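File shown: run-v5.pdb (PDB, C-alpha atoms).
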ATOM      1  CA  MET A   9       0.000   0.000   0.000
ATOM      2  CA  HIS A  10       1.218   3.460  -0.830
ATOM      3  CA  ALA A  11       1.434   6.078   1.942
ATOM      4  CA  PRO A  12       1.395   9.773   0.880
ATOM      5  CA  SER A  13       3.747  12.293   2.422
ATOM      6  CA  ILE A  14       2.667  15.389   4.271
ATOM      7  CA  VAL A  15       1.417  18.138   1.938
ATOM      8  CA  ARG A  16       4.002  20.858   1.445
ATOM      9  CA  VAL A  17       1.980  23.918   2.334
ATOM     10  CA  GLY A  18       2.326  27.050   4.488
ATOM     11  CA  ALA A  19       3.898  30.420   4.303
ATOM     12  CA  ALA A  20       6.787  30.973   1.948
ATOM     13  CA  ALA A  21       9.353  31.046   4.709
ATOM     14  CA  ALA A  22       7.918  27.901   6.287
ATOM     15  CA  VAL A  23       7.819  25.993   2.999
ATOM     16  CA  LEU A  24      11.508  26.488   2.369
ATOM     17  CA  SER A  25      12.366  24.601   5.539
ATOM     18  CA  LEU A  26       9.642  21.934   5.287
ATOM     19  CA  ALA A  27      10.724  18.273   5.030
ATOM     20  CA  ALA A  28       8.556  15.637   3.341
ATOM     21  CA  ILE A  29       7.255  13.162   5.931
ATOM     22  CA  PRO A  30       5.201  10.095   4.828
ATOM     23  CA  SER A  31       1.592   9.902   6.014
ATOM     24  CA  ALA A  32      -0.804   6.963   6.306
ATOM     25  CA  LEU A  33      -3.248   7.824   3.526
ATOM     26  CA  PRO A  34      -4.011   5.130   0.907
ATOM     27  CA  VAL A  35      -2.480   5.484  -2.532
ATOM     28  CA  PRO A  36      -4.918   7.123  -4.970
ATOM     29  CA  ALA A  37      -5.293   6.185  -8.592
ATOM     30  CA  TYR A  38      -3.362   9.315  -9.659
ATOM     31  CA  ALA A  39      -0.108   8.203  -7.958
ATOM     32  CA  ALA A  40       2.891   8.224 -10.267
ATOM     33  CA  ASP A  41       4.106   5.062 -11.987
ATOM     34  CA  VAL A  42       7.456   6.457 -13.041
ATOM     35  CA  ALA A  43      10.051   8.277 -11.009
ATOM     36  CA  GLY A  44       9.894  12.068 -11.270
ATOM     37  CA  PRO A  45       8.805  15.265  -9.524
ATOM     38  CA  ALA A  46       5.723  15.229  -7.399
ATOM     39  CA  THR A  47       2.468  16.398  -8.935
ATOM     40  CA  CYS A  48       1.043  19.565  -7.370
ATOM     41  CA  TYR A  49      -2.601  20.662  -7.153
ATOM     42  CA  LEU A  50      -4.284  23.985  -6.446
ATOM     43  CA  ALA A  51      -4.980  24.463  -2.767
ATOM     44  CA  ASP A  52      -6.302  27.065  -0.385
ATOM     45  CA  GLU A  53      -4.070  29.164   1.832
ATOM     46  CA  ASN A  54      -4.186  26.434   4.482
ATOM     47  CA  GLY A  55      -2.716  23.875   2.087
ATOM     48  CA  THR A  56      -5.934  21.920   1.520
ATOM     49  CA  ILE A  57      -6.275  20.677  -2.041
ATOM     50  CA  ILE A  58      -9.341  22.116  -3.735
ATOM     51  CA  GLU A  59     -11.721  19.504  -5.125
ATOM     52  CA  PRO A  60     -12.176  18.724  -7.873
ATOM     53  CA  ARG A  61      -8.468  18.628  -8.266
ATOM     54  CA  GLN A  62      -6.730  20.969 -10.636
ATOM     55  CA  GLU A  63      -3.090  20.331 -11.399
ATOM     56  CA  TYR A  64      -0.863  23.333 -10.836
ATOM     57  CA  THR A  65       0.982  24.482 -13.970
ATOM     58  CA  PRO A  66       3.396  27.446 -13.774
ATOM     59  CA  ARG A  67       2.460  30.314 -15.978
ATOM     60  CA  GLU A  68       4.367  30.644 -19.192
ATOM     61  CA  GLY A  69       7.370  32.916 -18.798
ATOM     62  CA  ALA A  70       7.351  32.588 -15.003
ATOM     63  CA  GLY A  71      10.533  31.586 -13.291
ATOM     64  CA  GLY A  72      11.102  27.994 -12.208
ATOM     65  CA  LEU A  73      10.534  26.894  -8.593
ATOM     66  CA  SER A  74      13.345  25.402  -6.580
ATOM     67  CA  MET A  75      12.941  21.609  -6.015
ATOM     68  CA  LEU A  76      13.784  19.555  -2.948
ATOM     69  CA  PRO A  77      14.508  15.786  -3.112
ATOM     70  CA  SER A  78      12.146  13.425  -1.286
ATOM     71  CA  PRO A  79      13.662  11.826   1.806
ATOM     72  CA  VAL A  80      14.692   8.138   1.927
ATOM     73  CA  VAL A  81      12.423   6.199   4.289
ATOM     74  CA  ALA A  82      13.665   2.776   5.543
ATOM     75  CA  GLY A  83      11.716  -0.147   4.086
ATOM     76  CA  GLN A  84       9.743   2.138   1.699
ATOM     77  CA  TYR A  85      10.137   3.757  -1.680
ATOM     78  CA  THR A  86       8.492   6.609  -3.601
ATOM     79  CA  LEU A  87       8.283   7.569  -7.250
ATOM     80  CA  GLU A  88       7.801  11.255  -6.381
ATOM     81  CA  VAL A  89      11.483  11.818  -5.972
ATOM     82  CA  SER A  90      11.244  15.656  -5.579
ATOM     83  CA  ALA A  91       8.795  18.477  -4.828
ATOM     84  CA  PRO A  92       8.815  22.291  -5.043
ATOM     85  CA  ALA A  93      10.474  24.083  -2.199
ATOM     86  CA  MET A  94       7.510  26.465  -1.769
ATOM     87  CA  ASN A  95       3.746  26.259  -2.003
ATOM     88  CA  PHE A  96       2.881  29.458  -3.860
ATOM     89  CA  ASP A  97       3.698  30.975  -7.197
ATOM     90  CA  PRO A  98       5.810  34.141  -6.814
ATOM     91  CA  ASP A  99       4.352  35.396 -10.073
ATOM     92  CA  GLN A 100       0.837  34.857  -8.725
ATOM     93  CA  PRO A 101       1.034  35.568  -4.974
ATOM     94  CA  ASP A 102      -2.616  34.691  -4.394
ATOM     95  CA  LEU A 103      -2.245  31.241  -6.019
ATOM     96  CA  HIS A 104      -1.391  28.422  -3.641
ATOM     97  CA  PHE A 105      -0.730  24.778  -4.433
ATOM     98  CA  ALA A 106      -0.041  21.519  -2.582
ATOM     99  CA  CYS A 107       2.221  18.608  -3.662
ATOM    100  CA  GLN A 108       1.863  15.039  -2.384
ATOM    101  CA  VAL A 109       4.658  12.450  -2.118
ATOM    102  CA  PHE A 110       3.458   8.834  -1.815
ATOM    103  CA  TYR A 111       5.527   6.008  -0.265
ATOM    104  CA  SER A 112       5.079   2.260  -0.645
ATOM    105  CA  SER A 113       6.623  -0.731   1.117
ATOM    106  CA  LEU A 114       9.634  -2.358  -0.471
ATOM    107  CA  GLY A 115       9.339  -6.019  -1.416
ATOM    108  CA  LYS A 116      11.178  -8.958   0.140
ATOM    109  CA  VAL A 117      13.436 -11.774  -0.981
ATOM    110  CA  ARG A 118      11.870 -15.003   0.322
ATOM    111  CA  LEU A 119      12.950 -18.631   0.595
ATOM    112  CA  VAL A 120       9.973 -20.880  -0.138
ATOM    113  CA  ASP A 121       9.508 -24.610  -0.652
ATOM    114  CA  ALA A 122       7.562 -26.344  -3.415
ATOM    115  CA  ASP A 123       4.322 -25.946  -1.424
ATOM    116  CA  GLY A 124       4.773 -22.163  -1.153
ATOM    117  CA  THR A 125       5.652 -22.214   2.552
ATOM    118  CA  VAL A 126       7.940 -19.290   3.420
ATOM    119  CA  HIS A 127      10.951 -20.457   5.468
ATOM    120  CA  ALA A 128      12.798 -17.120   5.606
ATOM    121  CA  ALA A 129      12.356 -13.567   4.299
ATOM    122  CA  GLN A 130      14.371 -10.330   4.113
ATOM    123  CA  SER A 131      13.089  -6.878   3.057
ATOM    124  CA  TYR A 132      15.016  -5.131   0.300
ATOM    125  CA  ALA A 133      17.558  -2.563   1.448
ATOM    126  CA  ASN A 134      17.057   1.110   0.477
ATOM    127  CA  ASP A 135      19.189   2.878  -2.068
ATOM    128  CA  GLN A 136      20.417   5.753   0.043
ATOM    129  CA  ASN A 137      20.883   7.984  -3.028
ATOM    130  CA  ASP A 138      17.492   7.407  -4.676
ATOM    131  CA  PRO A 139      14.192   7.046  -2.794
ATOM    132  CA  SER A 140      12.650   5.227  -5.772
ATOM    133  CA  ARG A 141      15.168   2.365  -5.873
ATOM    134  CA  ALA A 142      16.299  -0.571  -3.721
ATOM    135  CA  ALA A 143      19.843  -1.753  -3.149
ATOM    136  CA  ALA A 144      21.148  -5.269  -3.876
ATOM    137  CA  THR A 145      20.016  -7.358  -0.912
ATOM    138  CA  ALA A 146      21.611 -10.506   0.521
ATOM    139  CA  ILE A 147      19.300 -13.514   0.619
ATOM    140  CA  PRO A 148      18.400 -14.948   4.046
ATOM    141  CA  ALA A 149      20.412 -17.834   5.486
ATOM    142  CA  LEU A 150      19.213 -21.213   4.271
ATOM    143  CA  PRO A 151      17.466 -23.343   6.913
ATOM    144  CA  GLU A 152      19.522 -26.305   8.090
ATOM    145  CA  GLY A 153      19.194 -29.276   5.753
ATOM    146  CA  TYR A 154      17.961 -27.210   2.755
ATOM    147  CA  GLU A 155      19.475 -26.167  -0.546
ATOM    148  CA  ILE A 156      18.481 -23.892  -3.434
ATOM    149  CA  VAL A 157      16.797 -25.819  -6.234
ATOM    150  CA  PRO A 158      19.131 -25.554  -9.247
ATOM    151  CA  GLY A 159      17.995 -24.375 -12.676
ATOM    152  CA  GLN A 160      15.679 -21.546 -11.504
ATOM    153  CA  THR A 161      15.327 -18.297 -13.447
ATOM    154  CA  ILE A 162      15.312 -15.515 -10.834
ATOM    155  CA  ARG A 163      15.501 -11.903 -12.010
ATOM    156  CA  GLY A 164      18.341 -10.010 -10.352
ATOM    157  CA  PHE A 165      19.695 -13.073  -8.485
ATOM    158  CA  ASP A 166      23.496 -13.335  -8.255
ATOM    159  CA  ALA A 167      24.268 -16.908  -7.236
ATOM    160  CA  ALA A 168      27.956 -16.166  -6.613
ATOM    161  CA  ALA A 169      27.301 -13.148  -4.368
ATOM    162  CA  ARG A 170      24.012 -14.638  -3.095
ATOM    163  CA  THR A 171      22.217 -11.312  -3.529
ATOM    164  CA  VAL A 172      19.087 -10.083  -5.316
ATOM    165  CA  ASP A 173      18.773  -6.736  -7.164
ATOM    166  CA  PRO A 174      14.994  -6.134  -7.580
ATOM    167  CA  ASN A 175      15.262  -2.961  -9.691
ATOM    168  CA  ASN A 176      13.722  -3.198 -13.170
ATOM    169  CA  PRO A 177      14.091  -0.260 -15.618
ATOM    170  CA  ALA A 178      10.927  -1.352 -17.408
ATOM    171  CA  ASP A 179       8.852  -1.375 -14.198
ATOM    172  CA  ALA A 180       9.493   1.317 -11.599
ATOM    173  CA  ARG A 181       7.298  -0.481  -9.065
ATOM    174  CA  ALA A 182       9.195  -3.824  -9.327
ATOM    175  CA  VAL A 183      10.965  -2.898  -6.086
ATOM    176  CA  GLY A 184       7.642  -3.393  -4.333
ATOM    177  CA  ALA A 185       7.267  -7.018  -5.533
ATOM    178  CA  ASN A 186       8.653 -10.064  -3.707
ATOM    179  CA  THR A 187      11.388 -12.284  -5.135
ATOM    180  CA  ASP A 188      10.830 -15.973  -4.303
ATOM    181  CA  ILE A 189      13.682 -18.503  -4.351
ATOM    182  CA  VAL A 190      12.592 -22.146  -4.201
ATOM    183  CA  ILE A 191      14.503 -24.377  -1.786
ATOM    184  CA  ARG A 192      14.326 -28.079  -1.001
ATOM    185  CA  LYS A 193      15.596 -30.507   1.575
ATOM    186  CA  VAL A 194      19.028 -31.986   0.923
ATOM    187  CA  ALA A 195      18.673 -35.633  -0.104
ATOM    188  CA  ASN A 196      20.522 -38.176   2.023
ATOM    189  CA  ASN A 197      21.740 -39.938  -1.131
ATOM    190  CA  PRO A 198      22.013 -37.244  -3.824
ATOM    191  CA  THR A 199      21.597 -38.410  -7.399
ATOM    192  CA  PRO A 200      25.044 -38.470  -9.062
ATOM    193  CA  GLU A 201      25.615 -36.309 -12.102
ATOM    194  CA  PRO A 202      25.357 -38.360 -15.325
ATOM    195  CA  SER A 203      28.795 -38.988 -16.801
ATOM    196  CA  SER A 204      29.539 -38.532 -20.495
ATOM    197  CA  THR A 205      31.066 -42.015 -20.750
ATOM    198  CA  PRO A 206      28.603 -44.680 -19.656
ATOM    199  CA  SER A 207      30.204 -47.133 -17.318
ATOM    200  CA  THR A 208      30.017 -50.792 -18.289
ATOM    201  CA  PRO A 209      28.887 -52.817 -15.331
ATOM    202  CA  ALA A 210      31.210 -55.673 -14.447
ATOM    203  CA  PRO A 211      29.628 -59.081 -15.073
ATOM    204  CA  SER A 212      28.409 -60.549 -11.884
ATOM    205  CA  THR A 213      29.258 -64.176 -11.141
ATOM    206  CA  PRO A 214      26.196 -65.949  -9.825
ATOM    207  CA  SER A 215      26.875 -67.531  -6.519
ATOM    208  CA  THR A 216      26.469 -71.324  -6.425
ATOM    209  CA  PRO A 217      24.484 -72.280  -3.393
ATOM    210  CA  ALA A 218      26.118 -74.974  -1.263
ATOM    211  CA  PRO A 219      24.239 -78.310  -1.504
ATOM    212  CA  SER A 220      22.184 -78.941   1.534
ATOM    213  CA  THR A 221      22.526 -82.416   3.083
ATOM    214  CA  PRO A 222      19.127 -83.682   4.234
ATOM    215  CA  ALA A 223      19.097 -84.947   7.763
ATOM    216  CA  THR A 224      18.954 -88.782   7.890
ATOM    217  CA  PRO A 225      16.645 -89.891  10.658
ATOM    218  CA  ALA A 226      18.108 -92.484  13.011
ATOM    219  CA  PRO A 227      16.540 -95.921  12.345
ATOM    220  CA  THR A 228      14.140 -97.064  15.033
ATOM    221  CA  PRO A 229      14.733-100.767  15.756
ATOM    222  CA  SER A 230      11.562-102.761  15.400
ATOM    223  CA  VAL A 231      11.276-105.621  17.841
ATOM    224  CA  THR A 232       9.258-108.536  16.556
ATOM    225  CA  ALA A 233       8.142-110.943  19.231
ATOM    226  CA  THR A 234       9.084-114.541  18.360
ATOM    227  CA  PRO A 235       6.354-116.857  19.606
ATOM    228  CA  ALA A 236       7.471-120.028  21.363
ATOM    229  CA  PRO A 237       6.991-123.100  19.107
ATOM    230  CA  SER A 238       3.842-124.926  20.032
ATOM    231  CA  THR A 239       3.833-128.740  19.643
ATOM    232  CA  PRO A 240       0.378-130.041  18.675
ATOM    233  CA  ALA A 241      -0.868-132.918  20.747
ATOM    234  CA  THR A 242      -0.692-136.234  18.887
ATOM    235  CA  PRO A 243      -3.704-138.412  19.907
ATOM    236  CA  ALA A 244      -2.839-141.981  20.800
ATOM    237  CA  PRO A 245      -4.444-144.479  18.358
ATOM    238  CA  THR A 246      -7.330-146.420  19.868
ATOM    239  CA  PRO A 247      -6.904-150.152  19.183
ATOM    240  CA  SER A 248      -9.988-151.773  17.764
ATOM    241  CA  VAL A 249     -10.547-155.256  19.381
ATOM    242  CA  THR A 250     -12.759-157.794  17.610
ATOM    243  CA  ALA A 251     -13.988-160.620  19.835
ATOM    244  CA  THR A 252     -13.618-164.036  18.212
ATOM    245  CA  PRO A 253     -15.796-166.718  19.858
ATOM    246  CA  ALA A 254     -13.776-169.713  20.925
ATOM    247  CA  PRO A 255     -15.055-173.201  19.903
ATOM    248  CA  SER A 256     -16.884-174.943  22.592
ATOM    249  CA  THR A 257     -14.706-177.816  23.745
ATOM    250  CA  PRO A 258     -16.000-180.063  26.435
ATOM    251  CA  ALA A 259     -12.878-179.988  28.361
ATOM    252  CA  THR A 260     -12.090-179.755  31.926
ATOM    253  CA  PRO A 261     -11.862-176.205  32.846
ATOM    254  CA  ALA A 262      -8.449-175.187  33.779
ATOM    255  CA  PRO A 263      -7.865-172.735  36.510
ATOM    256  CA  THR A 264      -8.478-169.263  35.278
ATOM    257  CA  PRO A 265      -5.265-167.410  35.180
ATOM    258  CA  SER A 266      -5.414-163.820  36.180
ATOM    259  CA  VAL A 267      -4.352-161.802  33.218
ATOM    260  CA  THR A 268      -3.502-158.250  33.889
ATOM    261  CA  ALA A 269      -3.744-155.976  30.913
ATOM    262  CA  THR A 270      -0.622-154.001  30.421
ATOM    263  CA  PRO A 271      -1.644-150.464  29.677
ATOM    264  CA  ALA A 272      -0.167-148.946  26.588
ATOM    265  CA  PRO A 273       2.295-146.220  27.350
ATOM    266  CA  SER A 274       0.795-142.845  26.677
ATOM    267  CA  THR A 275       2.754-140.643  24.377
ATOM    268  CA  PRO A 276       2.885-137.076  25.695
ATOM    269  CA  ALA A 277       1.188-134.584  23.487
ATOM    270  CA  THR A 278       3.766-132.814  21.443
ATOM    271  CA  PRO A 279       2.479-129.377  20.390
ATOM    272  CA  ARG A 280       2.846-128.618  16.753
ATOM    273  CA  PRO A 281       5.026-125.618  16.215
ATOM    274  CA  ALA A 282       3.161-122.613  14.795
ATOM    275  CA  PRO A 283       4.773-121.108  11.707
ATOM    276  CA  SER A 284       6.796-118.016  12.598
ATOM    277  CA  THR A 285       8.014-115.729   9.902
ATOM    278  CA  PRO A 286      11.106-114.178  11.399
ATOM    279  CA  ALA A 287      12.563-117.225  13.228
ATOM    280  CA  LYS A 288      13.525-120.539  11.653
ATOM    281  CA  GLN A 289      11.353-123.286  13.040
ATOM    282  CA  THR A 290      12.948-126.492  14.239
ATOM    283  CA  PRO A 291      10.592-129.557  13.931
ATOM    284  CA  ALA A 292       9.926-131.243  17.235
ATOM    285  CA  PRO A 293      11.351-134.794  17.514
ATOM    286  CA  LYS A 294       8.817-137.530  17.095
ATOM    287  CA  LEU A 295       8.661-140.362  19.649
ATOM    288  CA  ALA A 296       8.970-143.873  18.396
ATOM    289  CA  ARG A 297       5.783-145.876  18.625
ATOM    290  CA  THR A 298       6.733-148.479  21.154
ATOM    291  CA  GLY A 299       4.238-151.081  22.296
ATOM    292  CA  THR A 300       1.209-149.646  20.616
ATOM    293  CA  ALA A 301       0.352-152.537  18.205
ATOM    294  CA  ALA A 302       1.912-155.247  20.379
ATOM    295  CA  GLY A 303      -0.131-154.162  23.377
ATOM    296  CA  ALA A 304      -3.268-154.346  21.321
ATOM    297  CA  PHE A 305      -2.635-157.908  20.263
ATOM    298  CA  ALA A 306      -1.709-158.997  23.741
ATOM    299  CA  GLY A 307      -4.921-157.533  25.119
ATOM    300  CA  ALA A 308      -6.967-159.319  22.511
ATOM    301  CA  ALA A 309      -5.328-162.677  23.293
ATOM    302  CA  ALA A 310      -5.914-162.193  27.020
ATOM    303  CA  LEU A 311      -9.567-161.461  26.426
ATOM    304  CA  LEU A 312     -10.002-164.602  24.331
ATOM    305  CA  CYS A 313      -8.392-166.640  27.076
ATOM    306  CA  LEU A 314     -10.786-165.251  29.636
ATOM    307  CA  ILE A 315     -13.774-166.006  27.474
ATOM    308  CA  GLY A 316     -12.649-169.581  26.839
ATOM    309  CA  ALA A 317     -11.961-170.224  30.483
ATOM    310  CA  GLY A 318     -15.378-168.918  31.383
ATOM    311  CA  VAL A 319     -17.105-171.218  28.953
ATOM    312  CA  ILE A 320     -15.242-174.254  30.244
ATOM    313  CA  ALA A 321     -16.048-173.422  33.792
ATOM    314  CA  LEU A 322     -19.737-173.039  32.959
ATOM    315  CA  ARG A 323     -19.979-176.385  31.342
ATOM    316  CA  ARG A 324     -18.343-178.043  34.218
ATOM    317  CA  TYR A 325     -20.667-176.440  36.571
ATOM    318  CA  ARG A 326     -23.656-177.684  34.638
ATOM    319  CA  ALA A 327     -22.310-181.160  34.383
TER     320      ALA A 327
END

Could you take the file, read its structure, and then write that structure out as structure tokens?
Amino acid sequence: MHAPSIVRVGAAAAVLSLAAIPSALPVPAYAADVAGPATCYLADENGTIIEPRQEYTPREGAGGLSMLPSPVVAGQYTLEVSAPAMNFDPDQPDLHFACQVFYSSLGKVRLVDADGTVHAAQSYANDQNDPSRAAATAIPALPEGYEIVPGQTIRGFDAAARTVDPNNPADARAVGANTDIVIRKVANNPTPEPSSTPSTPAPSTPSTPAPSTPATPAPTPSVTATPAPSTPATPAPTPSVTATPAPSTPATPAPTPSVTATPAPSTPATPRPAPSTPAKQTPAPKLARTGTAAGAFAGAAALLCLIGAGVIALRRYRA
């Protein structure tokens, strides 16, 4: 925003010693856009500009008025670089005029990131010899861990001196605009600059994995129970005795001898061995058949003798 200076009005003696001091009025549409003398308007004897405004123009042939330069105000600039040293026309003593000097804030050099966040800012310095210009201004210190993004086009930026000169001959009010310099965080692993000669990567030798030896489980011994050989019982043969009737002979009965039957020896039952797969089976020894058939015949003969003796004794008894 532009701020006008105090109006240079008053008596002739007072005007010669008056200094231009900026005021807080807003900039009107008739403010200057190029550097030059201040514009003056007809005013009353108290220095109040008469509305509607009429620009003061010295009469032809009148002498020129002495000019005073506008003061330099820190952080501000003005395009009305000078004003008349008095507020009346000596050739027309009853004609008074007032001249206004407007000031505006100088711009800033700012460090911003890609999102537009301002990390640091510095107002332009004043040119102590010209109230309409700014001096070359050093950029603010970079925040820790940041760098200036390369390849930017920044008007008035001197990368070697790290300064910005915002003055633009084509635009007198360029000193009121901000100059933004984009910064970024320093990468932990910066991308290397591409080399003119491409490097040929060395062939990589594939690593041969070591063969893995599978773990061999320890064999678990299997215990197979060997059944004891069983010997099947061999049944003793039963002798079949057929009674043969003796012929009846009328003879004197002889004394009946007592015949005792000799029992046949019993052969113990030999269990038959059950077949066993894992163990070799040894056949059980067989007992010799002793006295089996002979005993049978002897028993039969004894029985016949008993029958014959009984018959003889019966006949004798009847006789």

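Proximity to A:Ile191 was assessed for A:Ala167, A:Ala144, A:Cys48, A:Val120 counting all atoms listed in the file; the smallest distance is recorded for A:Val120.
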
To verify the selection step, state as a ChimeraX atom specification which residues the PyMOL selection byres ((chain A and resi 57) around 10) yields on this input.
/A:15,17,48-56,58-63,104-108

List the neighbours of A:Leu114 out to 7 Å using only C-alpha atoms; skip same-chain residues closer than 3 positions along the sequence, and give me the result as a PyMOL selection string.
chain A and resi 83-85+131-132+183-184

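Residue neighbourhood of A:Glu152, excluding near-sequence residues (fewer than 5 positions): His127, Ala128, Ile191, Arg192, Lys193 and Val194 of chain A, at 12 Å, using all atoms listed in the file.
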
Please evaluate the PyMOL selection byres ((chain A and resi 74) around 6) against the displayed coordinates and give the resulting residues as a ChimeraX atom specification.
/A:73,75,92-93

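Closest approach to A:Asn186 among A:Gly159, A:Gly72, A:Gly115, A:Pro66 is made by A:Gly115 (distances from only C-alpha atoms).
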
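Between atom CA of A:Pro174 and atom CA of A:Thr145 lies a distance of 8.4 Å.
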